[in-house]
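Visitor: My file is start.tsv. It has TSV, C-alpha atoms:
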```
chain	number	residue	atom	x	y	z
A	1	GLY	CA	92.84	-60.28	115.72
A	2	THR	CA	90.61	-58.53	113.22
A	3	ILE	CA	86.85	-58.09	113.03
A	4	ALA	CA	84.89	-56.28	110.34
A	5	SER	CA	82.70	-54.09	112.63
A	6	LEU	CA	81.22	-53.82	116.10
A	7	SER	CA	77.72	-53.08	117.44
A	8	ASN	CA	77.75	-53.17	121.24
A	9	THR	CA	74.29	-52.82	122.83
A	10	ALA	CA	75.08	-54.18	126.31
A	11	GLY	CA	77.79	-55.98	128.21
A	12	THR	CA	81.50	-55.44	127.66
A	13	PHE	CA	83.80	-55.76	124.67
A	14	GLY	CA	87.58	-55.48	124.79
A	15	ASN	CA	89.58	-54.75	121.64
A	16	THR	CA	93.33	-55.12	121.43
A	17	GLY	CA	93.27	-55.89	117.73
A	18	THR	CA	91.65	-54.14	114.77
A	19	ILE	CA	88.04	-53.26	113.96
A	20	THR	CA	88.27	-52.79	110.23
A	21	THR	CA	85.28	-50.50	109.75
A	22	ASN	CA	82.94	-48.90	112.29
A	23	ALA	CA	82.29	-49.38	116.00
A	24	SER	CA	78.87	-48.50	117.46
A	25	VAL	CA	78.22	-48.49	121.22
A	26	SER	CA	74.63	-47.85	122.39
A	27	GLY	CA	74.94	-49.70	125.67
A	28	GLY	CA	77.53	-51.45	127.75
A	29	THR	CA	81.26	-50.70	127.49
A	30	LEU	CA	83.85	-50.84	124.73
A	31	THR	CA	87.42	-50.91	125.98
A	32	ASN	CA	89.69	-50.17	123.05
A	33	ALA	CA	93.44	-50.63	123.27
A	34	GLY	CA	93.75	-51.49	119.58
A	35	THR	CA	92.57	-49.78	116.43
A	36	VAL	CA	89.16	-48.77	115.10
A	37	SER	CA	89.89	-48.09	111.45
A	38	GLY	CA	86.49	-46.55	110.73
A	39	ASN	CA	84.15	-44.31	112.68
A	40	ALA	CA	83.14	-44.67	116.32
A	41	SER	CA	79.64	-43.73	117.54
A	42	LEU	CA	78.58	-43.61	121.17
A	43	SER	CA	74.95	-43.11	122.21
A	44	SER	CA	72.34	-43.77	124.89
A	45	ASN	CA	74.12	-44.89	128.07
A	46	GLY	CA	77.10	-46.50	126.41
A	47	VAL	CA	80.72	-46.12	127.52
A	48	ILE	CA	83.96	-46.11	125.56
A	49	ASP	CA	87.30	-46.33	127.36
A	50	ASN	CA	90.02	-45.68	124.81
A	51	THR	CA	93.79	-46.14	125.03
A	52	GLY	CA	94.15	-47.05	121.37
A	53	THR	CA	93.50	-45.32	118.05
A	54	ILE	CA	90.26	-44.37	116.32
A	55	SER	CA	91.13	-43.49	112.75
A	56	GLY	CA	87.73	-42.26	111.57
A	57	ASN	CA	85.33	-39.71	113.00
A	58	THR	CA	83.83	-40.00	116.49
A	59	THR	CA	80.33	-38.97	117.61
A	60	VAL	CA	78.96	-38.81	121.15
A	61	THR	CA	75.20	-38.38	121.75
A	62	GLY	CA	72.60	-39.08	124.42
A	63	ASN	CA	74.17	-39.92	127.76
A	64	GLY	CA	77.25	-41.54	126.31
A	65	ASP	CA	80.48	-41.37	128.31
A	66	PHE	CA	83.76	-41.35	126.38
A	67	ASN	CA	87.03	-41.51	128.31
A	68	ASN	CA	90.08	-40.92	126.15
A	69	ASN	CA	92.76	-42.25	128.44
A	70	ALA	CA	96.57	-42.48	128.33
A	71	GLY	CA	97.75	-42.97	124.78
A	72	GLY	CA	94.25	-42.63	123.35
A	73	THR	CA	94.22	-40.91	119.95
A	74	LEU	CA	91.31	-39.75	117.80
A	75	THR	CA	92.68	-39.10	114.34
A	76	GLY	CA	89.45	-37.79	112.83
A	77	THR	CA	86.87	-35.27	113.95
A	78	LEU	CA	84.91	-35.33	117.22
A	79	SER	CA	81.23	-34.36	117.37
A	80	VAL	CA	79.49	-34.11	120.75
A	81	SER	CA	75.75	-33.41	120.95
A	82	GLY	CA	75.13	-34.98	124.34
A	83	GLY	CA	76.84	-36.93	127.06
A	84	ALA	CA	80.46	-36.39	128.00
A	85	PHE	CA	83.90	-36.64	126.44
A	86	ASP	CA	87.06	-36.47	128.56
A	87	ASN	CA	90.72	-36.27	127.58
A	88	THR	CA	91.99	-37.69	130.85
A	89	THR	CA	95.81	-37.53	130.61
A	90	ALA	CA	98.68	-35.63	129.02
A	91	THR	CA	98.98	-38.29	126.29
A	92	SER	CA	95.31	-38.15	125.27
A	93	ALA	CA	94.82	-36.49	121.88
A	94	VAL	CA	92.07	-35.40	119.50
A	95	ASN	CA	93.79	-34.56	116.22
A	96	GLY	CA	90.73	-33.55	114.20
A	97	ALA	CA	88.37	-30.62	114.79
A	98	THR	CA	85.89	-30.85	117.68
A	99	THR	CA	82.28	-29.62	117.40
A	100	ILE	CA	80.12	-29.35	120.53
A	101	THR	CA	76.41	-28.51	120.41
A	102	ALA	CA	75.36	-30.09	123.74
A	103	GLY	CA	76.96	-32.11	126.49
A	104	THR	CA	80.40	-31.56	128.00
A	105	VAL	CA	83.96	-31.83	126.71
A	106	THR	CA	86.83	-31.68	129.19
A	107	ASN	CA	90.56	-31.62	128.61
A	108	SER	CA	92.70	-32.67	131.57
A	109	GLY	CA	96.21	-32.36	130.22
A	110	GLY	CA	95.82	-33.71	126.71
A	111	SER	CA	95.48	-31.95	123.38
A	112	PHE	CA	92.70	-30.86	121.04
A	113	ALA	CA	92.84	-29.34	117.61
A	114	ALA	CA	90.28	-26.60	116.84
A	115	VAL	CA	87.17	-26.54	119.03
A	116	ASP	CA	83.75	-25.04	118.15
A	117	ASN	CA	81.36	-24.84	121.10
A	118	SER	CA	77.75	-23.69	120.70
A	119	GLY	CA	74.16	-24.43	121.73
A	120	SER	CA	74.10	-25.83	125.26
A	121	GLY	CA	77.62	-27.23	125.07
A	122	THR	CA	80.34	-26.83	127.67
A	123	PHE	CA	84.06	-26.90	126.89
A	124	THR	CA	86.53	-26.96	129.77
A	125	ASN	CA	90.23	-26.85	129.05
A	126	ALA	CA	91.31	-27.61	132.61
A	127	SER	CA	94.90	-28.19	131.50
A	128	GLY	CA	96.68	-29.12	128.32
A	129	SER	CA	96.21	-27.46	124.95
A	130	ALA	CA	93.71	-26.73	122.23
A	131	GLY	CA	93.86	-25.04	118.85
A	132	ALA	CA	91.61	-22.19	117.79
A	133	VAL	CA	88.52	-22.05	120.01
A	134	THR	CA	85.20	-20.60	118.87
A	135	ASN	CA	82.67	-20.20	121.67
A	136	ALA	CA	78.98	-19.30	121.69
A	137	ALA	CA	78.00	-21.22	124.82
A	138	THR	CA	79.96	-21.89	128.04
A	139	ALA	CA	83.72	-22.44	128.01
A	140	SER	CA	86.82	-21.94	130.11
A	141	ASN	CA	90.57	-22.24	129.74
A	142	ALA	CA	93.16	-22.95	132.44
A	143	GLY	CA	95.68	-24.39	130.01
A	144	THR	CA	96.77	-23.05	126.61
A	145	ILE	CA	94.68	-22.38	123.51
A	146	ALA	CA	95.88	-21.00	120.20
A	147	SER	CA	93.25	-18.28	119.78
A	148	LEU	CA	89.73	-17.33	120.82
A	149	SER	CA	86.67	-16.15	118.93
A	150	ASN	CA	83.80	-15.52	121.36
A	151	THR	CA	80.54	-14.84	119.53
A	152	ALA	CA	78.11	-15.35	122.44
A	153	GLY	CA	77.90	-16.96	125.85
A	154	THR	CA	80.69	-16.82	128.43
A	155	PHE	CA	84.37	-17.66	128.39
A	156	GLY	CA	86.64	-17.64	131.44
A	157	ASN	CA	90.40	-17.58	131.03
A	158	THR	CA	92.89	-18.28	133.80
A	159	GLY	CA	95.41	-19.81	131.41
A	160	THR	CA	96.94	-18.56	128.16
A	161	VAL	CA	95.44	-17.54	124.83
A	162	THR	CA	98.54	-17.46	122.64
A	163	ASN	CA	97.27	-15.45	119.69
A	164	ALA	CA	94.33	-13.15	118.94
A	165	THR	CA	91.16	-12.87	121.02
A	166	ALA	CA	88.11	-11.55	119.12
A	167	ILE	CA	85.00	-10.86	121.20
A	168	THR	CA	82.01	-10.15	118.96
A	169	GLY	CA	79.37	-11.17	121.50
A	170	GLY	CA	78.97	-12.47	125.03
A	171	THR	CA	81.45	-11.97	127.86
A	172	VAL	CA	85.09	-12.94	128.22
A	173	THR	CA	86.60	-12.79	131.71
A	174	SER	CA	90.37	-13.13	132.00
A	175	SER	CA	92.82	-13.25	134.88
A	176	GLY	CA	95.36	-15.18	132.83
A	177	THR	CA	97.28	-14.21	129.69
A	178	LEU	CA	95.83	-12.87	126.45
A	179	GLY	CA	98.92	-13.00	124.29
A	180	GLY	CA	97.71	-11.61	120.97
A	181	ALA	CA	95.62	-8.64	119.87
A	182	VAL	CA	92.28	-8.32	121.68
A	183	THR	CA	89.24	-6.73	120.02
A	184	VAL	CA	85.82	-6.08	121.56
A	185	ALA	CA	82.81	-5.38	119.31
A	186	THR	CA	79.51	-3.64	119.97
A	187	GLY	CA	77.42	-5.52	122.52
A	188	ALA	CA	80.36	-7.61	123.77
A	189	THR	CA	82.16	-7.41	127.13
A	190	LEU	CA	85.73	-7.97	128.25
A	191	ALA	CA	86.42	-8.16	131.99
A	192	VAL	CA	90.11	-8.25	132.94
A	193	ASN	CA	90.81	-9.16	136.56
A	194	GLY	CA	94.58	-9.17	136.61
A	195	GLY	CA	96.92	-11.19	134.46
A	196	THR	CA	98.79	-10.07	131.35
A	197	ASN	CA	97.66	-8.73	128.00
A	198	GLY	CA	100.62	-9.02	125.69
A	199	SER	CA	99.50	-7.09	122.61
A	200	THR	CA	97.04	-4.35	121.71
A	201	THR	CA	93.57	-4.14	123.28
A	202	THR	CA	90.91	-2.34	121.21
A	203	ASN	CA	87.31	-1.56	122.10
A	204	ASN	CA	85.14	-1.01	119.02
A	205	GLY	CA	81.81	-0.32	120.72
A	206	GLY	CA	81.60	-2.82	123.55
A	207	THR	CA	82.42	-2.67	127.25
A	208	ILE	CA	85.84	-3.18	128.82
A	209	ASN	CA	86.08	-3.44	132.60
A	210	ILE	CA	89.62	-3.65	133.99
A	211	ASN	CA	90.30	-4.49	137.62
A	212	GLY	CA	94.06	-4.82	137.72
A	213	GLY	CA	96.51	-6.36	135.28
A	214	THR	CA	99.37	-5.57	132.91
A	215	PHE	CA	98.89	-4.38	129.32
A	216	THR	CA	102.02	-4.49	127.18
A	217	GLY	CA	100.47	-2.92	124.09
A	218	LEU	CA	98.29	0.13	123.52
A	219	ILE	CA	94.77	0.16	124.96
A	220	THR	CA	92.45	1.92	122.49
A	221	ASN	CA	88.88	2.83	123.41
A	222	THR	CA	87.59	3.72	119.95
A	223	SER	CA	83.92	3.57	120.95
A	224	GLY	CA	81.90	2.11	123.80
A	225	THR	CA	82.93	2.35	127.45
A	226	LEU	CA	86.09	1.55	129.39
A	227	THR	CA	86.45	1.46	133.19
A	228	SER	CA	89.80	0.98	134.90
A	229	MET	CA	89.89	0.00	138.58
A	230	GLY	CA	92.49	-1.57	140.82
A	231	VAL	CA	96.17	-1.32	139.87
A	232	VAL	CA	96.66	-1.35	136.10
A	233	ALA	CA	99.99	-1.16	134.27
A	234	ALA	CA	99.21	0.33	130.86
A	235	ASN	CA	102.76	-0.01	129.55
A	236	GLY	CA	101.68	0.80	126.00
A	237	GLY	CA	99.50	3.71	127.07
A	238	LEU	CA	95.78	4.45	126.78
A	239	GLN	CA	94.09	6.16	123.83
A	240	ASN	CA	90.51	7.17	124.68
A	241	ASP	CA	88.25	8.36	121.87
A	242	ALA	CA	84.95	7.56	123.60
A	243	ASN	CA	83.93	7.26	127.29
A	244	ALA	CA	86.39	6.16	129.96
A	245	THR	CA	86.62	6.20	133.76
A	246	ILE	CA	89.80	5.84	135.80
A	247	ALA	CA	88.79	4.82	139.34
A	248	GLY	CA	91.95	3.04	140.47
A	249	THR	CA	95.64	3.52	139.66
A	250	LEU	CA	96.66	3.44	136.02
A	251	THR	CA	100.37	3.65	135.19
A	252	GLY	CA	101.01	4.85	131.66
A	253	ASN	CA	100.55	7.83	129.37
A	254	VAL	CA	97.04	8.81	128.30
A	255	ALA	CA	95.86	10.51	125.11
A	256	ASN	CA	92.23	11.62	125.30
A	257	SER	CA	90.00	12.87	122.51
A	258	GLY	CA	86.76	11.66	124.09
A	259	SER	CA	85.41	12.06	127.60
A	260	LEU	CA	87.44	10.74	130.53
A	261	SER	CA	86.59	10.97	134.23
A	262	ASN	CA	89.44	10.57	136.71
A	263	THR	CA	88.63	9.79	140.33
A	264	GLY	CA	91.79	7.74	140.81
A	265	THR	CA	95.45	8.18	139.89
A	266	ILE	CA	97.04	8.36	136.45
A	267	SER	CA	100.79	7.87	136.81
A	268	GLY	CA	101.89	9.30	133.50
A	269	ASN	CA	101.45	12.20	131.11
A	270	PHE	CA	98.04	13.28	129.86
A	271	GLY	CA	97.42	14.76	126.41
A	272	ASN	CA	93.91	16.14	126.09
A	273	SER	CA	92.00	17.17	122.99
A	274	GLY	CA	88.66	16.12	124.46
A	275	THR	CA	87.15	16.48	127.93
A	276	LEU	CA	88.89	15.49	131.15
A	277	VAL	CA	86.75	15.56	134.29
A	278	LEU	CA	89.14	15.80	137.24
A	279	ASN	CA	86.77	14.55	139.93
A	280	GLY	CA	89.15	14.38	142.87
A	281	GLY	CA	91.72	12.43	140.86
A	282	THR	CA	95.46	12.80	140.37
A	283	ILE	CA	97.67	13.03	137.30
A	284	THR	CA	101.31	12.65	138.32
A	285	GLY	CA	102.81	13.60	134.96
A	286	ASN	CA	102.47	16.55	132.62
A	287	TYR	CA	99.11	17.77	131.31
A	288	THR	CA	98.92	19.32	127.84
A	289	LYS	CA	95.97	20.56	125.82
A	290	THR	CA	95.55	20.39	122.06
A	291	GLY	CA	92.71	21.91	120.09
A	292	THR	CA	89.59	22.41	122.20
A	293	GLY	CA	90.68	20.14	125.03
A	294	ASN	CA	89.00	21.06	128.31
A	295	LEU	CA	89.79	20.17	131.91
A	296	ILE	CA	86.70	20.27	134.12
A	297	ALA	CA	87.41	20.33	137.86
A	298	THR	CA	84.42	19.11	139.87
A	299	ALA	CA	86.34	18.27	143.06
A	300	SER	CA	89.83	18.85	144.41
A	301	GLY	CA	92.40	17.25	142.14
A	302	THR	CA	96.15	17.25	141.55
A	303	VAL	CA	98.21	17.57	138.39
A	304	GLY	CA	101.98	17.08	138.41
A	305	SER	CA	102.64	19.82	135.85
A	306	MET	CA	100.85	21.73	133.12
A	307	THR	CA	102.13	23.11	129.84
A	308	GLY	CA	99.92	25.85	128.43
A	309	PRO	CA	97.77	26.75	126.72
A	310	VAL	CA	95.23	25.10	129.01
A	311	THR	CA	91.56	25.60	129.80
A	312	ILE	CA	90.30	24.84	133.30
A	313	ASP	CA	86.55	24.84	133.88
A	314	MET	CA	85.64	25.29	137.55
A	315	THR	CA	82.01	26.28	137.15
A	316	GLY	CA	80.87	23.12	138.94
A	317	ALA	CA	83.62	22.92	141.54
A	318	GLY	CA	81.94	24.78	144.38
A	319	THR	CA	83.91	27.14	146.62
A	320	THR	CA	86.72	24.86	147.78
A	321	GLN	CA	90.14	24.55	146.18
A	322	ALA	CA	89.84	22.63	142.93
A	323	VAL	CA	93.25	22.09	141.30
A	324	THR	CA	96.77	21.77	142.71
A	325	VAL	CA	99.53	21.97	140.09
A	326	GLY	CA	103.15	21.06	140.72
A	327	SER	CA	104.51	23.42	138.05
A	328	LEU	CA	103.02	25.56	135.31
A	329	THR	CA	104.86	26.35	132.06
A	330	GLY	CA	103.18	28.92	129.88
A	331	THR	CA	103.26	29.00	126.12
A	332	ASP	CA	100.08	31.02	125.75
A	333	THR	CA	96.88	31.44	127.73
A	334	VAL	CA	95.60	29.80	130.89
A	335	ASP	CA	91.81	30.14	130.65
A	336	ILE	CA	89.92	29.80	133.94
A	337	LEU	CA	86.14	29.52	133.82
A	338	ALA	CA	84.16	30.13	137.02
A	339	ASN	CA	80.71	31.32	137.97
A	340	TYR	CA	81.74	33.09	141.18
A	341	ASP	CA	84.40	35.50	142.44
A	342	LEU	CA	87.79	33.77	142.78
A	343	ARG	CA	89.39	36.38	145.04
A	344	PRO	CA	90.34	35.01	148.51
A	345	SER	CA	89.76	38.47	149.97
A	346	ILE	CA	86.01	38.02	149.79
A	347	GLY	CA	86.00	34.61	151.46
A	348	THR	CA	86.39	32.24	148.51
A	349	ALA	CA	89.37	29.87	148.63
A	350	ASP	CA	92.06	29.88	145.95
A	351	LYS	CA	91.03	27.74	142.98
A	352	ILE	CA	94.48	27.01	141.52
A	353	THR	CA	97.54	26.40	143.68
A	354	VAL	CA	100.93	26.09	141.99
A	355	THR	CA	103.28	24.43	144.46
A	356	GLY	CA	106.38	24.67	142.28
A	357	SER	CA	107.55	26.94	139.48
A	358	ALA	CA	105.42	29.05	137.16
A	359	THR	CA	107.42	29.79	134.02
A	360	ALA	CA	106.62	32.69	131.69
A	361	PRO	CA	105.10	33.54	129.34
A	362	LEU	CA	101.81	33.25	131.24
A	363	ARG	CA	98.61	35.10	130.40
A	364	PHE	CA	95.57	34.33	132.52
A	365	THR	CA	92.02	34.99	131.35
A	366	PHE	CA	89.02	34.66	133.66
A	367	SER	CA	85.42	34.33	132.54
A	368	ASP	CA	82.09	33.44	134.10
```
Would you mind writing the structure in this file as structure tokens?

Guide:
Amino acid sequence: GTIASLSNTAGTFGNTGTITTNASVSGGTLTNAGTVSGNASLSSNGVIDNTGTISGNTTVTGNGDFNNNAGGTLTGTLSVSGGAFDNTTATSAVNGATTITAGTVTNSGGSFAAVDNSGSGTFTNASGSAGAVTNAATASNAGTIASLSNTAGTFGNTGTVTNATAITGGTVTSSGTLGGAVTVATGATLAVNGGTNGSTTTNNGGTININGGTFTGLITNTSGTLTSMGVVAANGGLQNDANATIAGTLTGNVANSGSLSNTGTISGNFGNSGTLVLNGGTITGNYTKTGTGNLIATASGTVGSMTGPVTIDMTGAGTTQAVTVGSLTGTDTVDILANYDLRPSIGTADKITVTGSATAPLRFTFSD
């Protein structure tokens, strides 16, 4: 049938009809398989088990426990400032925006519209979908969300973020898929531990730590720091304008105008207008210099080929062989800087070994 409103303070109430206005549960249990036409409020130690429809807005406070079960639909907004809210099945739905300031919200296969999580709130998208997620507290995604804006706190992704990810604060850790453009601001951190990044990734002053994964679009380190470890497929290439370290294997072409240290392997070409520190690392492709680009060899390293003009600084390399080059094509000068005699005849090992061809014109200059 139909009742005007409900205030449940203890005991149990089952609704298969219509509550015309509001339903308030501060104790006991409301089981709703019908319709609440107004708002629903849950507080204290109350419980709502819903398989019906709540047309108005829903609030959960205190230690309230809201289970949105199979077929349960919240048409309006959801506000959680305590207690727990669970979308328990694939047919559970929250159609209005969700705001969390405390307590926990969990999605286990159902759907949410936009979610804003802050304060001491926790949002867990264990499976299912959500719209745009804004996080400043603790959140994770193992399902699918439309987009992510992380302003503080932590966010862990093992699922899919379909569109853009903007990290202006806090830390985002992903081993899933970041489908849209990813931006990292000053003071923020992105940690990629595998998975796929489908669009561009741009660091604008924060920290990016990569330990494996595939990047379809260009990785740009405009400012801040970038560290690449593990096996990384940089299919769109890497543009470094700040500080970067390659300590694993990175497959893709690199353009460097900042400072880059290579102790690992770069499987691609390297264009350098900044500073490359070859600290025992390998570049399998061709190395070219533009402008004042400088290659500093501090330990034995390998370069697939070089196209001059190039500058190689060996002043800190010691007396062992520093650079092995597959082939050397000269268009101008090869400048070699060293602070000791390079001649093998006096007991110092060769500093540059060219294992393949050396194509004229070549003009070597040596300085100390």

Visitor: Taking 3 positions as the minimum chain separation for residues in the same chain, which residues sit within 8 Å of range 194-197 of chain A when counting all atoms listed in the file? Answer as a count of residues only.

Guide: 17

Visitor: I want to know what sits within 7 Å of range 129-137 of chain A, based on all atoms listed in the file, with residues of the same chain fewer than 3 positions away left out; could you give that as a ChimeraX atom specification?

Guide: /A:110-122,143-154

Visitor: Could you name the residues that touch range 250-259 of chain A at 6 Å or less, counting all atoms listed in the file, but leaving out those on the same chain fewer than 4 positions away, as a ChimeraX atom specification?

Guide: /A:232-235,237-243,266-275

Visitor: May I ask which of the residues A:Thr158, A:Thr29, A:Thr292, A:Thr61 is the closest one to Leu42 in chain A, counting all atoms listed in the file?

Guide: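 For Leu42 in chain A, the nearest of the candidates is A:Thr61.
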
Visitor: So, with all atoms listed in the file as the atoms that count, which of A:Ala126, A:Ala247, A:Ala102, A:Ile208 lies closest to Thr186 in chain A?

Guide: A:Ile208

Visitor: Could you please determine the separation between CA of Thr265 in chain A and CA of Gly326 in chain A in Å, to one decimal place?

Guide: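 Between these atoms lies a distance of 15.0 Å.
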
Visitor: So how many Å separate CA of Thr51 in chain A and CA of Asn107 in chain A, to one decimal?

Guide: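 Separating CA of Thr51 in chain A from CA of Asn107 in chain A is a distance of 15.3 Å.
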
Visitor: Could you list, as a list in words, every residue within 9 Å of Ser26 in chain A, counting only C-alpha atoms and ignoring same-chain residues fewer than 5 positions away?

Guide: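 With the cut-off at 9 Å, the set is Ser7, Asn8, Thr9, Ala10, Ser41, Leu42, Ser43, Ser44, Asn45, Gly46, Val47 and Gly64 of chain A.
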